[in-house]
$ cat protein-v5.cif   # mmCIF, N, CA and C atoms
data_my_file
#
loop_
_atom_site.label_atom_id
_atom_site.label_comp_id
_atom_site.auth_asym_id
_atom_site.auth_seq_id
_atom_site.Cartn_x
_atom_site.Cartn_y
_atom_site.Cartn_z
N MET A 75 0.85 -1.17 0.00
CA MET A 75 0.00 0.00 0.00
C MET A 75 0.89 1.23 0.00
N HIS A 76 0.56 2.22 -0.73
CA HIS A 76 1.35 3.43 -0.88
C HIS A 76 0.95 4.45 0.18
N PRO A 77 1.94 5.19 0.76
CA PRO A 77 1.64 6.17 1.81
C PRO A 77 0.64 7.23 1.39
N LYS A 78 0.52 7.52 0.09
CA LYS A 78 -0.40 8.56 -0.34
C LYS A 78 -1.83 8.02 -0.47
N ASP A 79 -1.98 6.71 -0.37
CA ASP A 79 -3.29 6.10 -0.42
C ASP A 79 -4.07 6.53 0.82
N ALA A 80 -5.32 6.95 0.63
CA ALA A 80 -6.14 7.46 1.73
C ALA A 80 -6.35 6.43 2.82
N SER A 81 -6.25 5.14 2.50
CA SER A 81 -6.49 4.12 3.52
C SER A 81 -5.23 3.79 4.32
N PHE A 82 -4.10 4.43 3.99
CA PHE A 82 -2.84 4.17 4.69
C PHE A 82 -2.81 4.90 6.01
N THR A 83 -2.68 4.16 7.09
CA THR A 83 -2.52 4.74 8.42
C THR A 83 -1.47 3.94 9.16
N PRO A 84 -0.84 4.53 10.17
CA PRO A 84 0.15 3.78 10.93
C PRO A 84 -0.43 2.52 11.56
N ARG A 85 -1.73 2.52 11.85
CA ARG A 85 -2.33 1.35 12.49
C ARG A 85 -2.38 0.15 11.57
N ASN A 86 -2.47 0.37 10.28
CA ASN A 86 -2.53 -0.80 9.40
C ASN A 86 -1.18 -1.13 8.78
N GLN A 87 -0.10 -0.63 9.38
CA GLN A 87 1.24 -1.01 8.95
C GLN A 87 1.52 -2.41 9.48
N PRO A 88 2.36 -3.15 8.78
CA PRO A 88 2.77 -4.45 9.32
C PRO A 88 3.45 -4.26 10.68
N GLU A 89 3.34 -5.26 11.53
CA GLU A 89 3.91 -5.18 12.88
C GLU A 89 5.40 -4.91 12.84
N THR A 90 6.12 -5.47 11.87
CA THR A 90 7.57 -5.24 11.78
C THR A 90 7.88 -3.79 11.49
N ALA A 91 7.03 -3.12 10.73
CA ALA A 91 7.24 -1.70 10.44
C ALA A 91 7.11 -0.88 11.71
N GLN A 92 6.12 -1.19 12.53
CA GLN A 92 5.92 -0.45 13.79
C GLN A 92 7.11 -0.66 14.73
N ILE A 93 7.64 -1.87 14.80
CA ILE A 93 8.81 -2.15 15.64
C ILE A 93 10.00 -1.35 15.13
N PHE A 94 10.17 -1.27 13.80
CA PHE A 94 11.26 -0.48 13.22
C PHE A 94 11.13 0.99 13.60
N VAL A 95 9.93 1.54 13.51
CA VAL A 95 9.69 2.94 13.85
C VAL A 95 10.01 3.19 15.32
N GLU A 96 9.56 2.32 16.21
CA GLU A 96 9.82 2.49 17.65
C GLU A 96 11.30 2.37 17.96
N THR A 97 11.99 1.43 17.33
CA THR A 97 13.43 1.25 17.54
C THR A 97 14.19 2.47 17.05
N SER A 98 13.82 2.97 15.88
CA SER A 98 14.49 4.16 15.33
C SER A 98 14.29 5.36 16.23
N ALA A 99 13.11 5.52 16.78
CA ALA A 99 12.85 6.65 17.69
C ALA A 99 13.72 6.56 18.92
N ARG A 100 13.87 5.37 19.50
CA ARG A 100 14.72 5.22 20.69
C ARG A 100 16.18 5.52 20.36
N GLU A 101 16.65 5.09 19.20
CA GLU A 101 18.04 5.30 18.81
C GLU A 101 18.35 6.76 18.52
N GLN A 102 17.34 7.56 18.24
CA GLN A 102 17.55 8.97 17.94
C GLN A 102 17.54 9.84 19.19
N CYS A 103 17.28 9.27 20.34
CA CYS A 103 17.30 10.04 21.59
C CYS A 103 18.72 10.49 21.88
N LEU A 104 18.85 11.70 22.40
CA LEU A 104 20.17 12.23 22.74
C LEU A 104 20.65 11.63 24.05
N ASP A 105 21.93 11.35 24.12
CA ASP A 105 22.54 10.85 25.34
C ASP A 105 22.98 12.06 26.16
N SER A 106 22.18 12.42 27.15
CA SER A 106 22.44 13.64 27.92
C SER A 106 23.67 13.54 28.79
N SER A 107 24.29 12.37 28.88
CA SER A 107 25.52 12.26 29.66
C SER A 107 26.76 12.63 28.84
N ARG A 108 26.60 12.77 27.51
CA ARG A 108 27.73 13.16 26.67
C ARG A 108 28.09 14.62 26.94
N THR A 109 29.36 14.89 27.06
CA THR A 109 29.85 16.23 27.34
C THR A 109 29.43 17.22 26.25
N ASP A 110 29.52 16.83 24.98
CA ASP A 110 29.16 17.76 23.91
C ASP A 110 27.67 18.12 23.95
N ILE A 111 26.82 17.18 24.30
CA ILE A 111 25.39 17.45 24.40
C ILE A 111 25.13 18.41 25.57
N GLN A 112 25.81 18.20 26.67
CA GLN A 112 25.67 19.11 27.81
C GLN A 112 26.13 20.52 27.44
N MET A 113 27.22 20.61 26.69
CA MET A 113 27.73 21.91 26.27
C MET A 113 26.76 22.60 25.32
N LEU A 114 26.24 21.87 24.34
CA LEU A 114 25.27 22.45 23.40
C LEU A 114 24.00 22.91 24.12
N THR A 115 23.57 22.13 25.10
CA THR A 115 22.39 22.51 25.88
C THR A 115 22.63 23.82 26.60
N ARG A 116 23.78 23.96 27.23
CA ARG A 116 24.10 25.20 27.96
C ARG A 116 24.19 26.39 27.01
N ILE A 117 24.82 26.21 25.87
CA ILE A 117 24.94 27.30 24.88
C ILE A 117 23.55 27.75 24.45
N ARG A 118 22.68 26.81 24.19
CA ARG A 118 21.32 27.16 23.76
C ARG A 118 20.53 27.83 24.87
N GLN A 119 20.79 27.46 26.12
CA GLN A 119 20.15 28.17 27.24
C GLN A 119 20.59 29.63 27.25
N LEU A 120 21.88 29.86 27.08
CA LEU A 120 22.40 31.22 27.07
C LEU A 120 21.90 31.99 25.85
N GLY A 121 21.67 31.27 24.76
CA GLY A 121 21.24 31.90 23.51
C GLY A 121 19.88 32.57 23.59
N ILE A 122 19.08 32.26 24.59
CA ILE A 122 17.76 32.89 24.72
C ILE A 122 17.74 33.98 25.78
N TYR A 123 18.90 34.29 26.38
CA TYR A 123 18.95 35.39 27.35
C TYR A 123 18.61 36.70 26.62
N PRO A 124 17.74 37.50 27.20
CA PRO A 124 17.38 38.78 26.56
C PRO A 124 18.36 39.89 26.94
N HIS A 125 18.26 41.00 26.22
CA HIS A 125 19.04 42.19 26.60
C HIS A 125 18.64 42.56 28.03
N GLY A 126 19.60 42.89 28.85
CA GLY A 126 19.34 43.24 30.25
C GLY A 126 19.23 42.03 31.15
N TRP A 127 19.68 40.87 30.69
CA TRP A 127 19.57 39.62 31.43
C TRP A 127 20.21 39.69 32.81
N ASP A 128 21.16 40.57 33.00
CA ASP A 128 21.88 40.68 34.27
C ASP A 128 21.27 41.71 35.21
N GLY A 129 20.12 42.28 34.83
CA GLY A 129 19.49 43.31 35.64
C GLY A 129 20.03 44.69 35.34
N ALA A 130 20.94 44.76 34.39
CA ALA A 130 21.53 46.05 33.99
C ALA A 130 21.51 46.10 32.46
N ASP A 131 22.67 46.33 31.86
CA ASP A 131 22.76 46.45 30.41
C ASP A 131 23.42 45.25 29.74
N GLY A 132 23.33 44.08 30.37
CA GLY A 132 23.93 42.88 29.78
C GLY A 132 23.34 42.59 28.41
N LYS A 133 24.23 42.46 27.42
CA LYS A 133 23.78 42.20 26.05
C LYS A 133 23.41 40.74 25.87
N ALA A 134 22.37 40.52 25.09
CA ALA A 134 22.01 39.16 24.69
C ALA A 134 23.05 38.69 23.68
N PRO A 135 23.37 37.40 23.67
CA PRO A 135 24.30 36.92 22.64
C PRO A 135 23.62 36.95 21.28
N SER A 136 24.39 37.26 20.26
CA SER A 136 23.83 37.24 18.90
C SER A 136 23.66 35.79 18.45
N GLN A 137 22.85 35.60 17.43
CA GLN A 137 22.70 34.26 16.85
C GLN A 137 24.03 33.77 16.32
N ALA A 138 24.84 34.68 15.78
CA ALA A 138 26.16 34.30 15.27
C ALA A 138 27.07 33.82 16.39
N THR A 139 26.97 34.45 17.56
CA THR A 139 27.78 34.03 18.71
C THR A 139 27.40 32.62 19.13
N VAL A 140 26.11 32.37 19.22
CA VAL A 140 25.62 31.04 19.59
C VAL A 140 26.09 30.02 18.55
N ARG A 141 25.95 30.35 17.28
CA ARG A 141 26.35 29.45 16.19
C ARG A 141 27.84 29.13 16.27
N ASP A 142 28.67 30.16 16.51
CA ASP A 142 30.12 29.94 16.59
C ASP A 142 30.48 29.04 17.77
N ALA A 143 29.86 29.27 18.92
CA ALA A 143 30.13 28.44 20.10
C ALA A 143 29.70 27.00 19.85
N GLU A 144 28.55 26.83 19.21
CA GLU A 144 28.08 25.47 18.89
C GLU A 144 29.02 24.80 17.90
N CYS A 145 29.45 25.52 16.90
CA CYS A 145 30.37 24.98 15.90
C CYS A 145 31.65 24.50 16.56
N PHE A 146 32.20 25.30 17.43
CA PHE A 146 33.43 24.94 18.13
C PHE A 146 33.22 23.67 18.96
N THR A 147 32.08 23.60 19.64
CA THR A 147 31.77 22.44 20.47
C THR A 147 31.76 21.17 19.63
N ARG A 148 31.20 21.24 18.45
CA ARG A 148 31.14 20.07 17.59
C ARG A 148 32.53 19.63 17.12
N LEU A 149 33.46 20.57 17.05
CA LEU A 149 34.83 20.24 16.63
C LEU A 149 35.64 19.57 17.74
N LEU A 150 35.21 19.75 18.99
CA LEU A 150 35.97 19.24 20.12
C LEU A 150 35.92 17.73 20.25
N GLY A 151 34.85 17.10 19.87
CA GLY A 151 34.67 15.68 20.18
C GLY A 151 34.12 15.59 21.59
N HIS A 152 33.67 14.43 21.97
CA HIS A 152 33.02 14.34 23.28
C HIS A 152 33.59 13.28 24.20
N ASP A 153 34.41 12.39 23.72
CA ASP A 153 34.88 11.30 24.56
C ASP A 153 36.04 11.67 25.46
N ASP A 154 36.87 12.59 25.03
CA ASP A 154 38.09 12.86 25.77
C ASP A 154 38.21 14.32 26.19
N ILE A 155 37.10 14.95 26.49
CA ILE A 155 37.15 16.36 26.86
C ILE A 155 36.47 16.56 28.22
N TYR A 156 37.08 17.40 29.02
CA TYR A 156 36.45 17.80 30.28
C TYR A 156 35.42 18.87 29.96
N ALA A 157 34.30 18.83 30.64
CA ALA A 157 33.26 19.82 30.41
C ALA A 157 33.69 21.16 31.00
N PRO A 158 33.63 22.22 30.21
CA PRO A 158 33.96 23.54 30.74
C PRO A 158 32.76 24.16 31.44
N SER A 159 33.01 25.20 32.17
CA SER A 159 31.94 26.06 32.66
C SER A 159 31.65 27.01 31.50
N ILE A 160 30.39 27.12 31.10
CA ILE A 160 30.03 27.98 29.97
C ILE A 160 29.15 29.10 30.49
N SER A 161 29.55 30.33 30.18
CA SER A 161 28.83 31.49 30.72
C SER A 161 28.70 32.58 29.66
N LEU A 162 27.88 33.56 30.00
CA LEU A 162 27.66 34.70 29.12
C LEU A 162 28.23 35.94 29.79
N ALA A 163 29.07 36.67 29.07
CA ALA A 163 29.63 37.92 29.57
C ALA A 163 28.63 39.05 29.28
N THR A 164 28.75 40.13 30.00
CA THR A 164 27.81 41.25 29.83
C THR A 164 27.92 41.91 28.46
N ASP A 165 29.01 41.65 27.72
CA ASP A 165 29.13 42.21 26.37
C ASP A 165 28.57 41.27 25.30
N GLY A 166 27.95 40.16 25.70
CA GLY A 166 27.35 39.21 24.78
C GLY A 166 28.26 38.08 24.34
N GLU A 167 29.47 38.05 24.87
CA GLU A 167 30.43 37.00 24.53
C GLU A 167 30.06 35.72 25.28
N ILE A 168 30.14 34.58 24.60
CA ILE A 168 29.98 33.29 25.26
C ILE A 168 31.37 32.77 25.59
N ASN A 169 31.57 32.43 26.87
CA ASN A 169 32.87 31.98 27.36
C ASN A 169 32.84 30.53 27.79
N PHE A 170 33.91 29.82 27.46
CA PHE A 170 34.15 28.47 27.97
C PHE A 170 35.33 28.62 28.94
N PHE A 171 35.22 28.01 30.12
CA PHE A 171 36.30 28.10 31.09
C PHE A 171 36.58 26.72 31.67
N TRP A 172 37.83 26.30 31.54
CA TRP A 172 38.27 25.03 32.11
C TRP A 172 39.25 25.34 33.24
N MET A 173 39.02 24.77 34.41
CA MET A 173 39.94 24.88 35.54
C MET A 173 40.30 23.45 35.94
N LEU A 174 41.47 23.01 35.48
CA LEU A 174 41.92 21.65 35.74
C LEU A 174 43.12 21.71 36.69
N PRO A 175 43.47 20.60 37.31
CA PRO A 175 44.59 20.62 38.26
C PRO A 175 45.90 21.13 37.67
N HIS A 176 46.15 20.88 36.39
CA HIS A 176 47.42 21.24 35.77
C HIS A 176 47.30 22.38 34.76
N PHE A 177 46.07 22.87 34.54
CA PHE A 177 45.88 23.84 33.48
C PHE A 177 44.57 24.58 33.64
N ARG A 178 44.56 25.83 33.18
CA ARG A 178 43.28 26.54 33.08
C ARG A 178 43.23 27.25 31.74
N LEU A 179 42.02 27.33 31.19
CA LEU A 179 41.84 27.90 29.86
C LEU A 179 40.54 28.69 29.83
N ASP A 180 40.62 29.91 29.30
CA ASP A 180 39.45 30.77 29.10
C ASP A 180 39.36 31.02 27.60
N LEU A 181 38.22 30.67 27.00
CA LEU A 181 38.05 30.76 25.57
C LEU A 181 36.74 31.47 25.28
N GLY A 182 36.73 32.41 24.33
CA GLY A 182 35.52 33.19 24.10
C GLY A 182 35.14 33.36 22.64
N PHE A 183 33.83 33.56 22.43
CA PHE A 183 33.24 33.73 21.10
C PHE A 183 32.41 35.00 21.06
N TYR A 184 32.62 35.81 20.00
CA TYR A 184 31.86 37.04 19.81
C TYR A 184 30.88 36.96 18.64
N GLY A 185 30.96 35.92 17.83
CA GLY A 185 30.06 35.79 16.70
C GLY A 185 30.60 36.32 15.39
N ASP A 186 31.91 36.50 15.32
CA ASP A 186 32.52 37.01 14.09
C ASP A 186 33.32 35.93 13.35
N GLY A 187 33.06 34.66 13.67
CA GLY A 187 33.76 33.57 13.01
C GLY A 187 35.12 33.26 13.59
N THR A 188 35.43 33.88 14.75
CA THR A 188 36.72 33.64 15.40
C THR A 188 36.51 33.36 16.89
N TYR A 189 37.59 32.94 17.52
CA TYR A 189 37.59 32.80 18.98
C TYR A 189 38.91 33.32 19.52
N SER A 190 38.92 33.60 20.80
CA SER A 190 40.12 34.04 21.49
C SER A 190 40.32 33.13 22.70
N TYR A 191 41.55 33.00 23.14
CA TYR A 191 41.78 32.18 24.32
C TYR A 191 42.99 32.67 25.10
N TYR A 192 42.96 32.32 26.38
CA TYR A 192 44.11 32.51 27.27
C TYR A 192 44.18 31.28 28.15
N GLY A 193 45.34 30.67 28.20
CA GLY A 193 45.54 29.50 29.04
C GLY A 193 46.85 29.57 29.77
N MET A 194 46.91 28.91 30.93
CA MET A 194 48.14 28.88 31.70
C MET A 194 48.26 27.53 32.43
N THR A 195 49.46 26.96 32.38
CA THR A 195 49.73 25.71 33.09
C THR A 195 50.17 26.05 34.50
N THR A 196 50.21 25.06 35.37
CA THR A 196 50.67 25.28 36.75
C THR A 196 52.16 25.62 36.79
N THR A 197 52.89 25.31 35.72
CA THR A 197 54.31 25.66 35.67
C THR A 197 54.53 27.07 35.13
N GLY A 198 53.45 27.76 34.78
CA GLY A 198 53.56 29.14 34.33
C GLY A 198 53.61 29.34 32.83
N ASP A 199 53.55 28.27 32.05
CA ASP A 199 53.51 28.41 30.58
C ASP A 199 52.18 29.02 30.18
N GLU A 200 52.24 30.06 29.33
CA GLU A 200 51.03 30.74 28.90
C GLU A 200 50.78 30.51 27.42
N PHE A 201 49.50 30.47 27.07
CA PHE A 201 49.05 30.33 25.69
C PHE A 201 47.96 31.36 25.47
N LEU A 202 48.09 32.19 24.45
CA LEU A 202 47.05 33.16 24.17
C LEU A 202 47.00 33.50 22.70
N ALA A 203 45.80 33.86 22.27
CA ALA A 203 45.60 34.27 20.88
C ALA A 203 44.26 34.97 20.77
N ASP A 204 44.18 35.90 19.84
CA ASP A 204 42.94 36.62 19.54
C ASP A 204 42.58 36.38 18.08
N GLU A 205 41.31 36.42 17.79
CA GLU A 205 40.78 36.33 16.43
C GLU A 205 41.30 35.11 15.68
N VAL A 206 41.22 33.95 16.32
CA VAL A 206 41.60 32.69 15.69
C VAL A 206 40.38 32.19 14.92
N SER A 207 40.55 31.82 13.66
CA SER A 207 39.45 31.31 12.85
C SER A 207 38.87 30.04 13.48
N LEU A 208 37.55 29.93 13.44
CA LEU A 208 36.90 28.73 13.97
C LEU A 208 37.39 27.46 13.31
N SER A 209 37.92 27.56 12.11
CA SER A 209 38.43 26.37 11.41
C SER A 209 39.82 25.96 11.92
N THR A 210 40.42 26.78 12.78
CA THR A 210 41.74 26.49 13.34
C THR A 210 41.58 25.87 14.72
N PRO A 211 42.08 24.66 14.91
CA PRO A 211 41.94 24.03 16.23
C PRO A 211 42.81 24.71 17.28
N VAL A 212 42.44 24.50 18.52
CA VAL A 212 43.26 24.98 19.63
C VAL A 212 44.58 24.22 19.55
N PRO A 213 45.71 24.87 19.84
CA PRO A 213 47.01 24.18 19.77
C PRO A 213 47.02 22.88 20.60
N ALA A 214 47.72 21.90 20.09
CA ALA A 214 47.77 20.58 20.72
C ALA A 214 48.27 20.64 22.16
N GLN A 215 49.15 21.61 22.48
CA GLN A 215 49.68 21.71 23.85
C GLN A 215 48.58 22.00 24.86
N ILE A 216 47.52 22.64 24.38
CA ILE A 216 46.42 23.00 25.26
C ILE A 216 45.52 21.79 25.41
#
$ encode --input "protein-v5.cif" --output "structure tokens"
Amino acid sequence: MHPKDASFTPRNQPETAQIFVETSAREQCLDSSRTDIQMLTRIRQLGIYPHGWDGADGKAPSQATVRDAECFTRLLGHDDIYAPSISLATDGEINFFWMLPHFRLDLGFYGDGTYSYYGMTTTGDEFLADEVSLSTPVPAQI
């Protein structure tokens, strides 16, 4: 029977088709324990903050800022990354901050297709850059 046929309904599908649909739906559920999913969720939460979100003149993040932060998150991978603290600055910048025993890193997005970062190891080695293209990965040392 063709789906455009007026008599076609999900109820008269073969039982195997219904099992396939239910299995596919379960497999498409997001794994909320994945670090990248948690990061994307937080970015999207920040993405709906309105102007004045801080009770003063805090700027809402632009759609481009949210898109850039999401893009970067997708480039990170999810199996071998520590979850950063993700926050919104009053100028509309989305910041990722990692504070690890041996290293700390502050990374920010303004929505112009670039990111900036500052990092420091416990031994005092510093890493910093401004206006790095989103297509450029963070240096391997970081």
$ closest_residue --input "protein-v5.cif" --among "A:Ala163, A:Ala143, A:Met113, A:Ala203" --to "Phe183 (chain A)" --atoms "only C-alpha atoms"
A:Ala143
$ closest_residue --input "protein-v5.cif" --among "A:Leu202, A:Ile117, A:Met194, A:Leu208" --to "Ile160 (chain A)" --atoms "only N, CA and C atoms"
A:Ile117
$ residues_around --input "protein-v5.cif" --residues "Leu162 (chain A)" --least-positions-apart "5" --cutoff "10 Å" --atoms "only C-alpha atoms" --output "ChimeraX atom specification"
/A:117,120-121,123,127-128,132-135,167-170,182-183
$ residues_around --input "protein-v5.cif" --residues "region 211-216 of chain A" --least-positions-apart "6" --cutoff "8 Å" --atoms "all atoms listed in the file" --output "mmCIF file with N, CA and C atoms, in the coordinates of the input"
data_model
loop_
_atom_site.group_PDB
_atom_site.id
_atom_site.type_symbol
_atom_site.label_atom_id
_atom_site.label_comp_id
_atom_site.auth_asym_id
_atom_site.auth_seq_id
_atom_site.Cartn_x
_atom_site.Cartn_y
_atom_site.Cartn_z
ATOM 1 N N LEU A 149 33.460 20.570 17.050
ATOM 2 C CA LEU A 149 34.830 20.240 16.630
ATOM 3 C C LEU A 149 35.640 19.570 17.740
ATOM 4 N N GLY A 193 45.340 30.670 28.200
ATOM 5 C CA GLY A 193 45.540 29.500 29.040
ATOM 6 C C GLY A 193 46.850 29.570 29.770
ATOM 7 N N PHE A 201 49.500 30.470 27.070
ATOM 8 C CA PHE A 201 49.050 30.330 25.690
ATOM 9 C C PHE A 201 47.960 31.360 25.470
#
$ closest_residue --input "protein-v5.cif" --among "A:Thr196, A:Ser136, A:Ser159, A:Ser207" --to "Pro175 (chain A)" --atoms "all atoms listed in the file"
A:Thr196
$ atom_distance --input "protein-v5.cif" --atom1 "CA of Ile122 (chain A)" --atom2 "CA of Thr188 (chain A)"
21.1 Å
$ residues_around --input "protein-v5.cif" --residues "Gly185 (chain A)" --least-positions-apart "6" --cutoff "6 Å" --atoms "only N, CA and C atoms" --output "list in words"
Ala138, Thr139, Val140 and Asp142 of chain A
$ atom_distance --input "protein-v5.cif" --atom1 "atom N of Glu200 (chain A)" --atom2 "atom C of Phe171 (chain A)"
16.2 Å
$ atom_distance --input "protein-v5.cif" --atom1 "atom N of Tyr156 (chain A)" --atom2 "atom C of Tyr184 (chain A)"
23.0 Å
$ select_by_dssp --input "protein-v5.cif" --residues "region 93-210 of chain A" --states "strand (DSSP E)" --output "ChimeraX atom specification"
/A:159-162,168-174,177-183,188-195,200-207
$ residues_near_point --input "protein-v5.cif" --point "(42.8, 37.6, 20.5)" --cutoff "8 Å" --atoms "all atoms listed in the file" --output "list of chain:residue names"
A:Tyr189, A:Ser190, A:Tyr191, A:Tyr192, A:Leu202, A:Ala203, A:Asp204, A:Glu205, A:Val206
$ axis_aligned_box --input "protein-v5.cif" --around "region 131-137 of chain A" --padding-each-side "8 Å" --output "JSON"
{"center_x": 23.2, "center_y": 40.1, "center_z": 24.1, "size_x": 18.4, "size_y": 28.7, "size_z": 31.5}
